[in-house]
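For reference, query_26.cif is printed below; it contains mmCIF, C-alpha atoms.
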data_upload
#
loop_
_atom_site.label_atom_id
_atom_site.label_comp_id
_atom_site.auth_asym_id
_atom_site.auth_seq_id
_atom_site.Cartn_x
_atom_site.Cartn_y
_atom_site.Cartn_z
CA MET R 1 18.71 -39.79 122.18
CA THR R 2 21.68 -41.41 123.94
CA ALA R 3 22.19 -42.37 127.56
CA PHE R 4 25.04 -40.47 129.24
CA ARG R 5 26.59 -41.19 132.62
CA TYR R 6 27.33 -37.93 134.43
CA THR R 7 29.04 -36.68 137.59
CA ALA R 8 28.33 -33.24 138.99
CA ILE R 9 28.37 -31.16 142.14
CA GLY R 10 24.95 -29.94 143.19
CA PRO R 11 24.03 -26.42 144.31
CA GLY R 12 24.45 -27.47 147.94
CA GLY R 13 27.86 -29.06 147.42
CA GLU R 14 26.59 -32.63 147.28
CA ARG R 15 28.05 -35.02 144.70
CA LEU R 16 25.54 -36.08 142.06
CA GLY R 17 25.73 -38.92 139.58
CA GLY R 18 23.48 -40.93 137.34
CA ILE R 19 22.38 -41.51 133.77
CA MET R 20 20.63 -38.91 131.62
CA GLU R 21 19.05 -39.21 128.17
CA ALA R 22 20.29 -36.45 125.86
CA ALA R 23 21.35 -35.79 122.28
CA SER R 24 24.97 -35.00 123.17
CA GLU R 25 27.35 -34.42 126.05
CA ALA R 26 26.90 -30.68 125.61
CA ASP R 27 23.16 -31.08 126.23
CA VAL R 28 23.88 -32.98 129.45
CA VAL R 29 26.25 -30.25 130.61
CA GLY R 30 23.78 -27.50 129.71
CA ARG R 31 20.91 -29.19 131.51
CA LEU R 32 22.97 -29.69 134.66
CA GLN R 33 24.11 -26.07 134.59
CA ARG R 34 20.53 -24.86 134.25
CA GLN R 35 19.71 -26.91 137.33
CA GLY R 36 22.39 -25.02 139.25
CA SER R 37 24.88 -27.90 139.32
CA MET R 38 28.55 -27.91 138.31
CA PRO R 39 29.13 -30.73 135.78
CA ILE R 40 32.36 -32.64 136.25
CA ARG R 41 32.10 -35.51 133.80
CA ALA R 42 29.72 -36.72 131.09
CA GLU R 43 30.32 -39.78 128.93
CA PRO R 44 28.22 -42.30 127.02
CA ALA R 45 26.78 -44.86 129.42
CA GLY R 46 27.98 -47.78 127.32
CA SER R 47 31.59 -46.62 127.09
CA ARG R 48 32.68 -48.59 130.14
CA SER R 49 32.37 -52.28 129.61
CA ARG R 50 32.06 -54.94 132.25
CA TRP R 51 35.53 -56.28 131.53
CA ARG R 52 37.00 -52.81 131.77
CA GLY R 53 35.45 -52.44 135.20
CA ILE R 54 36.97 -55.74 136.30
CA LEU R 55 40.38 -54.75 135.01
CA SER R 56 40.20 -51.37 136.68
CA LEU R 57 39.41 -53.10 139.96
CA ASP R 58 42.39 -55.40 139.67
CA LEU R 59 44.95 -53.22 138.02
CA GLY R 60 43.88 -49.71 138.92
CA ARG R 61 43.00 -46.76 136.74
CA GLY R 62 45.42 -45.62 134.05
CA ARG R 63 47.96 -43.15 135.22
CA GLY R 64 47.46 -40.71 132.38
CA ALA R 65 49.99 -38.03 131.50
CA ARG R 66 52.60 -36.74 133.90
CA LYS R 67 51.75 -33.66 135.95
CA GLN R 68 54.55 -31.65 134.37
CA ASP R 69 53.27 -32.47 130.88
CA VAL R 70 49.76 -31.41 131.88
CA ALA R 71 51.11 -28.21 133.44
CA ASN R 72 53.03 -27.41 130.25
CA LEU R 73 49.88 -28.07 128.22
CA PHE R 74 47.83 -25.66 130.32
CA ARG R 75 50.59 -23.04 130.28
CA GLU R 76 50.95 -23.06 126.50
CA LEU R 77 47.19 -23.07 125.98
CA ALA R 78 46.92 -20.01 128.23
CA THR R 79 49.67 -18.29 126.25
CA MET R 80 47.88 -18.95 122.96
CA LEU R 81 44.58 -17.68 124.35
CA PHE R 82 46.23 -14.52 125.72
CA ALA R 83 47.64 -13.97 122.22
CA GLY R 84 44.09 -13.88 120.84
CA GLN R 85 43.98 -17.35 119.27
CA ASP R 86 40.79 -19.38 119.31
CA MET R 87 40.68 -22.76 121.05
CA ASP R 88 40.81 -24.85 117.87
CA ARG R 89 43.91 -23.07 116.58
CA ALA R 90 45.57 -23.21 120.00
CA LEU R 91 44.97 -26.96 120.22
CA ARG R 92 46.23 -27.45 116.67
CA TYR R 93 49.45 -25.67 117.61
CA MET R 94 49.73 -27.89 120.70
CA GLN R 95 49.06 -30.94 118.56
CA GLU R 96 51.98 -30.04 116.30
CA THR R 97 54.48 -29.08 119.02
CA SER R 98 53.67 -31.34 121.97
CA PRO R 99 55.85 -34.36 122.81
CA ARG R 100 54.66 -37.66 121.43
CA ARG R 101 53.61 -38.93 124.87
CA VAL R 102 50.90 -36.24 125.18
CA ARG R 103 50.07 -35.74 121.51
CA GLY R 104 47.26 -38.30 121.65
CA ILE R 105 45.64 -36.46 124.57
CA VAL R 106 45.80 -33.14 122.73
CA THR R 107 44.35 -34.79 119.63
CA GLY R 108 41.42 -36.09 121.67
CA LEU R 109 40.80 -32.62 123.12
CA ARG R 110 40.88 -31.00 119.70
CA ASP R 111 38.56 -33.57 118.14
CA ALA R 112 36.01 -33.05 120.92
CA VAL R 113 36.24 -29.25 120.68
CA ARG R 114 35.81 -29.36 116.90
CA ASP R 115 32.68 -31.48 117.45
CA GLY R 116 31.20 -28.65 119.50
CA SER R 117 32.15 -29.66 123.05
CA ALA R 118 33.60 -27.22 125.53
CA LEU R 119 37.18 -27.75 126.67
CA SER R 120 36.01 -28.85 130.13
CA VAL R 121 33.73 -31.50 128.59
CA ALA R 122 36.58 -32.72 126.40
CA MET R 123 38.84 -32.94 129.46
CA SER R 124 36.24 -34.92 131.40
CA ARG R 125 36.63 -37.76 128.89
CA SER R 126 40.19 -38.38 130.18
CA PRO R 127 39.75 -38.62 133.97
CA ALA R 128 43.14 -40.27 134.45
CA THR R 129 44.84 -37.15 133.04
CA PHE R 130 42.34 -34.45 134.04
CA PRO R 131 40.75 -35.14 137.47
CA ALA R 132 37.62 -33.42 138.75
CA MET R 133 39.61 -30.48 140.11
CA HIS R 134 40.98 -29.63 136.66
CA VAL R 135 37.58 -29.98 135.03
CA GLY R 136 35.88 -27.84 137.68
CA LEU R 137 38.45 -25.06 137.37
CA VAL R 138 38.29 -24.98 133.57
CA ARG R 139 34.49 -25.01 133.64
CA ALA R 140 34.51 -22.06 136.06
CA GLY R 141 36.93 -20.22 133.76
CA GLU R 142 34.69 -20.87 130.77
CA ALA R 143 31.64 -19.62 132.66
CA GLY R 144 33.45 -16.48 133.86
CA GLY R 145 35.07 -15.66 130.52
CA ASN R 146 38.62 -15.81 131.91
CA LEU R 147 39.74 -19.20 130.61
CA GLY R 148 43.28 -18.01 129.86
CA SER R 149 43.85 -16.80 133.43
CA THR R 150 42.30 -19.98 134.81
CA LEU R 151 44.58 -22.21 132.73
CA SER R 152 47.61 -20.18 133.82
CA GLY R 153 46.60 -20.48 137.47
CA LEU R 154 46.02 -24.21 137.07
CA ALA R 155 49.51 -24.60 135.58
CA ASP R 156 50.94 -22.72 138.58
CA LEU R 157 49.04 -25.03 140.93
CA LEU R 158 50.36 -28.20 139.27
CA GLU R 159 53.92 -26.90 139.21
CA ARG R 160 53.80 -25.99 142.89
CA GLN R 161 52.41 -29.41 143.79
CA ARG R 162 55.10 -31.11 141.74
CA ALA R 163 57.85 -28.99 143.29
CA LEU R 164 56.62 -29.78 146.80
CA ALA R 165 56.46 -33.51 146.08
CA ALA R 166 59.92 -33.40 144.48
CA THR R 167 61.33 -31.69 147.57
CA VAL R 168 60.06 -34.42 149.88
CA ILE R 169 61.11 -37.28 147.59
CA SER R 170 64.58 -35.85 146.91
CA ALA R 171 65.23 -35.43 150.62
CA LEU R 172 64.33 -39.05 151.32
CA ILE R 173 66.47 -40.55 148.55
CA TYR R 174 69.72 -40.52 150.54
CA PRO R 175 68.24 -42.27 153.63
CA ALA R 176 66.67 -44.84 151.29
CA VAL R 177 70.05 -45.46 149.64
CA LEU R 178 71.63 -45.93 153.07
CA LEU R 179 68.94 -48.44 154.01
CA VAL R 180 69.50 -50.45 150.83
CA ALA R 181 73.26 -50.33 151.39
CA MET R 182 72.86 -51.59 154.95
CA ILE R 183 70.63 -54.50 153.88
CA GLY R 184 73.04 -55.36 151.06
CA ALA R 185 76.09 -55.24 153.34
CA VAL R 186 74.46 -57.49 155.93
CA ALA R 187 73.30 -59.96 153.27
CA LEU R 188 76.78 -60.02 151.71
CA LEU R 189 78.44 -60.74 155.05
CA LEU R 190 75.96 -63.49 155.92
CA THR R 191 75.98 -65.24 152.55
CA GLN R 192 79.53 -64.71 151.24
CA VAL R 193 81.93 -63.91 154.08
CA LEU R 194 80.62 -65.94 157.02
CA PRO R 195 80.28 -69.26 155.09
CA GLN R 196 84.05 -69.15 154.43
CA PHE R 197 84.68 -69.73 158.14
CA VAL R 198 82.01 -72.38 158.76
CA PRO R 199 84.19 -75.39 157.70
CA MET R 200 86.92 -74.21 160.05
CA PHE R 201 84.44 -73.99 162.92
CA GLU R 202 83.05 -77.47 162.17
CA GLN R 203 86.49 -79.10 162.03
CA SER R 204 87.58 -77.58 165.32
CA GLY R 205 84.55 -78.93 167.18
CA VAL R 206 84.60 -75.92 169.50
CA ALA R 207 81.30 -74.63 170.89
CA LEU R 208 80.51 -71.43 169.04
CA PRO R 209 78.99 -68.37 170.72
CA VAL R 210 75.19 -68.16 170.47
CA SER R 211 75.37 -65.00 168.35
CA THR R 212 77.62 -66.75 165.82
CA GLN R 213 75.25 -69.72 165.66
CA TRP R 214 72.34 -67.36 164.95
CA LEU R 215 74.29 -65.62 162.22
CA ILE R 216 75.23 -68.93 160.56
CA ALA R 217 71.59 -70.04 160.69
CA ALA R 218 70.46 -66.71 159.22
CA GLY R 219 73.00 -67.01 156.40
CA ASN R 220 71.87 -70.55 155.61
CA PHE R 221 68.25 -69.45 155.56
CA ILE R 222 68.97 -66.60 153.16
CA GLN R 223 70.97 -68.87 150.85
CA ASP R 224 68.45 -71.72 150.87
CA ASP R 225 65.15 -69.85 151.10
CA GLY R 226 66.01 -66.33 149.97
CA LEU R 227 63.79 -66.50 146.90
CA TRP R 228 60.85 -67.66 149.01
CA LEU R 229 61.54 -64.77 151.38
CA LEU R 230 61.43 -62.28 148.51
CA LEU R 231 58.23 -63.89 147.23
CA GLY R 232 56.69 -63.59 150.68
CA VAL R 233 57.64 -59.91 150.87
CA LEU R 234 56.09 -59.34 147.45
CA LEU R 235 52.87 -61.09 148.50
CA VAL R 236 52.71 -59.03 151.68
CA PHE R 237 53.18 -55.87 149.63
CA LEU R 238 50.38 -56.83 147.22
CA ALA R 239 48.09 -57.78 150.11
CA GLY R 240 48.81 -54.45 151.80
CA HIS R 241 48.12 -52.59 148.57
CA ALA R 242 44.77 -54.36 148.24
CA ALA R 243 43.95 -53.70 151.91
CA LEU R 244 44.52 -49.97 151.42
CA ARG R 245 41.51 -49.95 149.08
CA GLN R 246 39.31 -50.80 152.05
CA ASN R 247 37.95 -47.56 153.44
CA ARG R 248 38.15 -48.65 157.11
CA ILE R 249 41.77 -49.79 156.88
CA ARG R 250 42.83 -46.72 154.90
CA LEU R 251 41.07 -44.46 157.42
CA MET R 252 42.88 -46.15 160.31
CA LEU R 253 46.28 -45.85 158.63
CA ASP R 254 45.71 -42.22 157.68
CA ARG R 255 44.75 -41.41 161.26
CA THR R 256 47.85 -43.19 162.54
CA ALA R 257 50.07 -41.33 160.06
CA LEU R 258 48.85 -37.97 161.35
CA SER R 259 49.58 -38.94 164.98
CA LEU R 260 53.18 -40.13 164.51
CA PRO R 261 55.78 -38.10 166.49
CA VAL R 262 57.89 -36.71 163.62
CA LEU R 263 56.24 -37.87 160.41
CA GLY R 264 52.82 -36.79 161.69
CA GLY R 265 53.83 -33.15 161.80
CA LEU R 266 55.25 -33.37 158.29
CA MET R 267 52.07 -35.06 157.03
CA ARG R 268 49.91 -32.30 158.54
CA GLU R 269 51.98 -29.62 156.83
CA VAL R 270 51.78 -31.43 153.46
CA VAL R 271 48.00 -31.94 153.73
CA ALA R 272 47.43 -28.36 154.86
CA ALA R 273 49.52 -27.03 151.96
CA ARG R 274 47.58 -29.14 149.46
CA PHE R 275 44.19 -28.22 150.92
CA THR R 276 44.77 -24.48 151.09
CA ARG R 277 46.47 -24.30 147.69
CA VAL R 278 43.64 -26.10 145.89
CA LEU R 279 40.92 -24.26 147.83
CA GLY R 280 42.48 -20.86 147.20
CA THR R 281 42.95 -21.58 143.49
CA LEU R 282 39.35 -22.73 143.11
CA LEU R 283 37.94 -19.70 144.93
CA GLN R 284 40.19 -17.31 143.02
CA SER R 285 38.97 -18.82 139.74
CA GLY R 286 35.35 -18.08 140.59
CA VAL R 287 34.18 -21.42 142.01
CA ALA R 288 31.75 -20.97 144.90
CA LEU R 289 32.81 -22.16 148.37
CA ILE R 290 30.50 -25.18 148.65
CA PRO R 291 31.36 -26.70 145.23
CA ALA R 292 35.02 -25.86 145.87
CA LEU R 293 34.98 -27.84 149.12
CA ALA R 294 33.37 -30.78 147.31
CA ILE R 295 36.21 -30.75 144.77
CA VAL R 296 38.89 -30.32 147.46
CA GLN R 297 37.69 -33.51 149.19
CA ASP R 298 39.07 -35.56 146.29
CA ALA R 299 42.39 -33.68 146.25
CA VAL R 300 43.55 -33.90 149.88
CA GLY R 301 44.43 -37.61 149.73
CA ASN R 302 44.15 -38.34 153.47
CA ARG R 303 40.81 -39.93 154.43
CA VAL R 304 40.74 -38.33 157.90
CA VAL R 305 41.24 -34.88 156.40
CA ARG R 306 38.65 -35.68 153.74
CA ARG R 307 36.08 -36.40 156.45
CA ALA R 308 36.96 -33.17 158.22
CA VAL R 309 36.49 -31.19 154.99
CA GLU R 310 33.19 -32.98 154.37
CA ARG R 311 31.92 -32.01 157.84
CA ALA R 312 33.07 -28.42 157.26
CA SER R 313 31.23 -28.39 153.95
CA LEU R 314 28.03 -29.52 155.66
CA ALA R 315 28.45 -26.84 158.32
CA ALA R 316 29.07 -24.13 155.70
CA ARG R 317 26.05 -25.33 153.74
CA GLY R 318 23.96 -24.82 156.89
CA GLY R 319 25.19 -21.25 157.30
CA ALA R 320 27.94 -21.84 159.87
CA GLY R 321 31.52 -20.77 159.38
CA LEU R 322 34.06 -22.95 157.63
CA THR R 323 36.85 -22.75 160.18
CA ALA R 324 34.83 -23.74 163.25
CA GLU R 325 34.30 -27.28 162.00
CA LEU R 326 37.79 -27.54 160.48
CA GLY R 327 39.35 -26.54 163.79
CA SER R 328 37.31 -29.03 165.82
CA GLY R 329 38.67 -31.94 163.76
CA ASN R 330 42.24 -31.28 165.04
CA VAL R 331 43.75 -32.43 161.74
CA PHE R 332 45.09 -29.10 160.45
CA PRO R 333 47.85 -27.04 162.08
CA PRO R 334 46.48 -24.12 164.14
CA ARG R 335 48.04 -21.68 161.68
CA THR R 336 45.77 -22.99 158.92
CA ILE R 337 42.62 -22.40 160.95
CA HIS R 338 43.76 -18.95 162.07
CA LEU R 339 44.53 -17.72 158.55
CA LEU R 340 41.33 -19.15 157.07
CA ARG R 341 39.28 -17.58 159.88
CA LEU R 342 40.95 -14.25 159.15
CA GLY R 343 40.06 -14.68 155.48
CA GLU R 344 36.42 -15.36 156.36
CA GLU R 345 36.22 -12.30 158.58
CA THR R 346 37.76 -9.99 155.97
CA ALA R 347 36.02 -11.55 152.94
CA GLN R 348 39.42 -12.52 151.52
CA LEU R 349 39.25 -16.28 151.93
CA ALA R 350 40.90 -17.05 148.58
CA ALA R 351 43.86 -14.74 149.20
CA MET R 352 44.38 -15.97 152.76
CA ALA R 353 44.12 -19.61 151.67
CA LEU R 354 46.87 -19.06 149.10
CA ARG R 355 48.93 -17.21 151.72
CA ALA R 356 48.52 -20.14 154.10
CA ALA R 357 49.53 -22.53 151.32
CA SER R 358 52.80 -20.65 150.77
CA ILE R 359 53.58 -20.78 154.49
CA HIS R 360 52.82 -24.49 154.77
CA GLU R 361 54.85 -25.31 151.68
CA GLU R 362 57.85 -23.53 153.18
CA ARG R 363 57.36 -25.30 156.52
CA THR R 364 57.14 -28.61 154.65
CA ARG R 365 60.55 -27.95 153.10
CA LEU R 366 62.04 -27.10 156.51
CA ALA R 367 60.43 -30.14 158.17
CA THR R 368 61.75 -32.38 155.39
CA GLN R 369 65.27 -31.02 155.87
CA ARG R 370 65.04 -31.66 159.63
CA LEU R 371 63.75 -35.18 159.03
CA THR R 372 66.63 -35.89 156.66
CA ALA R 373 69.10 -34.50 159.20
CA ILE R 374 67.75 -37.03 161.70
CA LEU R 375 67.44 -40.03 159.39
CA VAL R 376 70.91 -39.88 157.83
CA PRO R 377 72.93 -40.25 161.08
CA VAL R 378 70.42 -42.77 162.44
CA MET R 379 70.75 -44.95 159.34
CA THR R 380 74.55 -44.58 159.43
CA ILE R 381 74.67 -45.65 163.09
CA LEU R 382 72.36 -48.61 162.46
CA MET R 383 74.51 -49.69 159.53
CA GLY R 384 77.63 -49.51 161.68
CA ILE R 385 75.96 -51.47 164.49
CA ALA R 386 74.75 -54.21 162.11
CA VAL R 387 78.09 -54.65 160.33
CA GLY R 388 80.09 -54.25 163.53
CA GLY R 389 77.92 -56.80 165.32
CA ILE R 390 78.52 -59.40 162.62
CA VAL R 391 82.26 -58.76 162.61
CA ALA R 392 82.42 -58.84 166.42
CA SER R 393 80.55 -62.14 166.54
CA LEU R 394 82.91 -63.63 163.95
CA MET R 395 85.97 -62.39 165.84
CA THR R 396 84.64 -63.89 169.09
CA ALA R 397 84.39 -67.28 167.40
CA MET R 398 87.92 -66.92 166.02
CA LEU R 399 89.26 -66.10 169.48
CA SER R 400 87.58 -69.25 170.76
CA LEU R 401 89.58 -71.23 168.19
CA ASN R 402 92.80 -69.52 169.29
CA ASP R 403 92.09 -70.36 172.93
CA LEU R 404 91.51 -74.00 171.95
CA ALA R 405 94.77 -74.11 169.99
CA ALA R 406 96.69 -72.50 172.85
CA GLY R 407 95.23 -74.99 175.34
#
Could you render the structure from this file as structure tokens?
Amino acid sequence: MTAFRYTAIGPGGERLGGIMEAASEADVVGRLQRQGSMPIRAEPAGSRSRWRGILSLDLGRGRGARKQDVANLFRELATMLFAGQDMDRALRYMQETSPRRVRGIVTGLRDAVRDGSALSVAMSRSPATFPAMHVGLVRAGEAGGNLGSTLSGLADLLERQRALAATVISALIYPAVLLVAMIGAVALLLTQVLPQFVPMFEQSGVALPVSTQWLIAAGNFIQDDGLWLLLGVLLVFLAGHAALRQNRIRLMLDRTALSLPVLGGLMREVVAARFTRVLGTLLQSGVALIPALAIVQDAVGNRVVRRAVERASLAARGGAGLTAELGSGNVFPPRTIHLLRLGEETAQLAAMALRAASIHEERTRLATQRLTAILVPVMTILMGIAVGGIVASLMTAMLSLNDLAAG
């Protein structure tokens, strides 16, 4: 007998975890399923050393494979299964044709499957690549006998999430480039252009305008202590990254992000799209509502929304409706609550959740375009003001020299 550390979702939607004595991981999974739980992960208890835990605290968990690579893996596995191939042969084909960066992951899956483990159990051994949502969906597909359809749906989910994230990131690249250009232009003027005039000002002995004095002092500071400034910024960034691991600070920042005038609306649309897409995919794949909500909690990202989903899960577990508690939290757009309530009333919650996800994804694209349309002229104006202010201050000092020479 070996000790295995397991993670599962109980019959009531609660998250379970602990150590169980069993002969193999498959025995742990089978015992949890007989108890009415949905196993998420099972691994030997001694596989995580003390030093690995310390390193994971300091450096974070491994990133695993890229989402697009995982989506391609699921898509090709589904194609092989639809063609009538067994899992071992499908994984062998993937092992031979996959890119080198994911070949090791496929090899690990195939080795575990050949040892008698189910695909979901094999996936649970690589949590950085296959999170709980992936494992839960695959396990539901295995239980329902529709693994091919489940893998295809999971690939669609990952591709939609990646496309939505790419839309937001691509739209913000141009404003970010403008910001970097503005900082670079100001730094160049302060450290390369303005110092060329300083000896002239000192020789004339004329009293410089206050703005010019500030600019000269700023240029001297950047030249003398610029490296210390960059080091300070880096330390602040690392401290902020560490502070975000604190639940109270992260909760406060997530709540603030949702209440911002323009970005808050965009954040709500993104979170609503992610929540409804994952929930609809889980329900459509045969996962019950309560376990699905427990899995969704880890996928939404925002701590405030996570708490709202947790309260809704507790209410649904007690027999109340899902949307009543979700609506009271005031974290989702009203459209989300309305469509989910309609799905509850018509017993089509999965279909309406996916419909809501499509609407929110489209609204996210439109909101991102509007945000970009605002940010680009604002950044351009700020860049013009910063550069123009420096030039105007320098010209004022030069006019002071001309007045002195004329006098």
### Task
Considering only C-alpha atoms, return as an MDAnalysis selection string whatever protein or nucleic-acid residues lie within 7 Å of range 150-157 of chain R, sequence-local ones (same chain, fewer than 6 positions apart) excluded.
chainID R and resid 71:72 74:75 78 137:138 141 285
### Query
If you measure from CA of Tyr6 in chain R to CA of Gly18 in chain R, what distance in Å do you get, rounded to one decimal?
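Atom-to-atom, CA of Tyr6 in chain R to CA of Gly18 in chain R, that is 5.7 Å.
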### Val278 in chain R surroundings by all atoms listed in the file, 12 Å radius, close-in-sequence under 5 positions cut, as number ranges by chain
R: 132-134, 136-137, 153-158, 160-161, 271-273, 283-285, 287, 289, 292-300, 350-351, 353-358
### Message
Using only C-alpha atoms, can you tell me which of R:Ala315, R:Ile216, R:Val236, R:Met352 comes closest to Glu202 in chain R?
### Response
R:Ile216
### Query
Within 10 Å of (63.3, -37.9, 159.1), all atoms listed in the file: residues as number ranges by chain?
R: 171-172, 175, 262-263, 266, 367-376, 378
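Distances from R:Leu394, R:Leu322, R:Val168, R:Ala112 to Glu43 in chain R were compared using all atoms listed in the file, and the smallest one belongs to R:Ala112.
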### Task
Give as a list in words each residue that has an atom at most 10 Å from (51.8, -27.2, 120.4) in the file, counting all atoms listed in the file.
Asn72, Leu73, Glu76, Leu77, Met80, Arg89, Ala90, Leu91, Arg92, Tyr93, Met94, Gln95, Glu96, Thr97, Ser98, Pro99, Arg103 and Val106 of chain R
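For the pair CA of Ala217 in chain R and CA of Ala176 in chain R, the separation is 27.3 Å.
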### Message
Which residues are close to Ser117 in chain R, i.e. within 12 Å by only C-alpha atoms, leaving aside same-chain residues fewer than 2 positions away? Reply as number ranges by chain.
### Response
R: 24-30, 42-43, 87-88, 108-115, 119-125, 139, 142
### Task
For the structure shown, which residues end up in the PyMOL selection byres ((chain R and resi 246-251) around 12)? Put them as a ChimeraX atom specification, please?
/R:239-245,252-258,301-307
Filtering to N, CA and C atoms, could range 221-236 of chain R of the supplied structure be written out as a PDB file, in the first residue's frame?
ATOM      1  N   PHE R 221      19.568  64.047 -12.043  1.00  0.00           N
ATOM      2  CA  PHE R 221      19.190  62.882 -11.228  1.00  0.00           C
ATOM      3  C   PHE R 221      19.154  61.611 -12.065  1.00  0.00           C
ATOM      4  N   ILE R 222      18.589  61.704 -13.267  1.00  0.00           N
ATOM      5  CA  ILE R 222      18.510  60.520 -14.123  1.00  0.00           C
ATOM      6  C   ILE R 222      19.908  60.061 -14.537  1.00  0.00           C
ATOM      7  N   GLN R 223      20.792  61.004 -14.841  1.00  0.00           N
ATOM      8  CA  GLN R 223      22.143  60.632 -15.250  1.00  0.00           C
ATOM      9  C   GLN R 223      22.947  60.030 -14.101  1.00  0.00           C
ATOM     10  N   ASP R 224      22.800  60.620 -12.901  1.00  0.00           N
ATOM     11  CA  ASP R 224      23.617  60.175 -11.768  1.00  0.00           C
ATOM     12  C   ASP R 224      23.027  58.962 -11.065  1.00  0.00           C
ATOM     13  N   ASP R 225      21.706  58.924 -10.941  1.00  0.00           N
ATOM     14  CA  ASP R 225      21.064  57.883 -10.127  1.00  0.00           C
ATOM     15  C   ASP R 225      20.031  57.086 -10.920  1.00  0.00           C
ATOM     16  N   GLY R 226      20.174  57.069 -12.246  1.00  0.00           N
ATOM     17  CA  GLY R 226      19.193  56.348 -13.053  1.00  0.00           C
ATOM     18  C   GLY R 226      19.155  54.858 -12.768  1.00  0.00           C
ATOM     19  N   LEU R 227      20.334  54.262 -12.571  1.00  0.00           N
ATOM     20  CA  LEU R 227      20.377  52.828 -12.282  1.00  0.00           C
ATOM     21  C   LEU R 227      19.707  52.516 -10.954  1.00  0.00           C
ATOM     22  N   TRP R 228      19.928  53.382  -9.961  1.00  0.00           N
ATOM     23  CA  TRP R 228      19.247  53.168  -8.674  1.00  0.00           C
ATOM     24  C   TRP R 228      17.732  53.320  -8.826  1.00  0.00           C
ATOM     25  N   LEU R 229      17.320  54.236  -9.697  1.00  0.00           N
ATOM     26  CA  LEU R 229      15.887  54.402  -9.943  1.00  0.00           C
ATOM     27  C   LEU R 229      15.291  53.140 -10.558  1.00  0.00           C
ATOM     28  N   LEU R 230      15.986  52.576 -11.551  1.00  0.00           N
ATOM     29  CA  LEU R 230      15.506  51.340 -12.161  1.00  0.00           C
ATOM     30  C   LEU R 230      15.472  50.198 -11.153  1.00  0.00           C
ATOM     31  N   LEU R 231      16.510  50.133 -10.294  1.00  0.00           N
ATOM     32  CA  LEU R 231      16.526  49.107  -9.266  1.00  0.00           C
ATOM     33  C   LEU R 231      15.357  49.273  -8.300  1.00  0.00           C
ATOM     34  N   GLY R 232      15.068  50.518  -7.938  1.00  0.00           N
ATOM     35  CA  GLY R 232      13.931  50.769  -7.055  1.00  0.00           C
ATOM     36  C   GLY R 232      12.613  50.356  -7.685  1.00  0.00           C
ATOM     37  N   VAL R 233      12.456  50.649  -8.991  1.00  0.00           N
ATOM     38  CA  VAL R 233      11.236  50.239  -9.689  1.00  0.00           C
ATOM     39  C   VAL R 233      11.108  48.719  -9.707  1.00  0.00           C
ATOM     40  N   LEU R 234      12.250  48.033  -9.938  1.00  0.00           N
ATOM     41  CA  LEU R 234      12.232  46.578  -9.948  1.00  0.00           C
ATOM     42  C   LEU R 234      11.853  46.021  -8.577  1.00  0.00           C
ATOM     43  N   LEU R 235      12.399  46.607  -7.523  1.00  0.00           N
ATOM     44  CA  LEU R 235      12.068  46.150  -6.168  1.00  0.00           C
ATOM     45  C   LEU R 235      10.600  46.388  -5.852  1.00  0.00           C
ATOM     46  N   VAL R 236      10.082  47.533  -6.282  1.00  0.00           N
ATOM     47  CA  VAL R 236       8.654  47.804  -6.061  1.00  0.00           C
ATOM     48  C   VAL R 236       7.789  46.794  -6.802  1.00  0.00           C
TER      49      VAL R 236
END
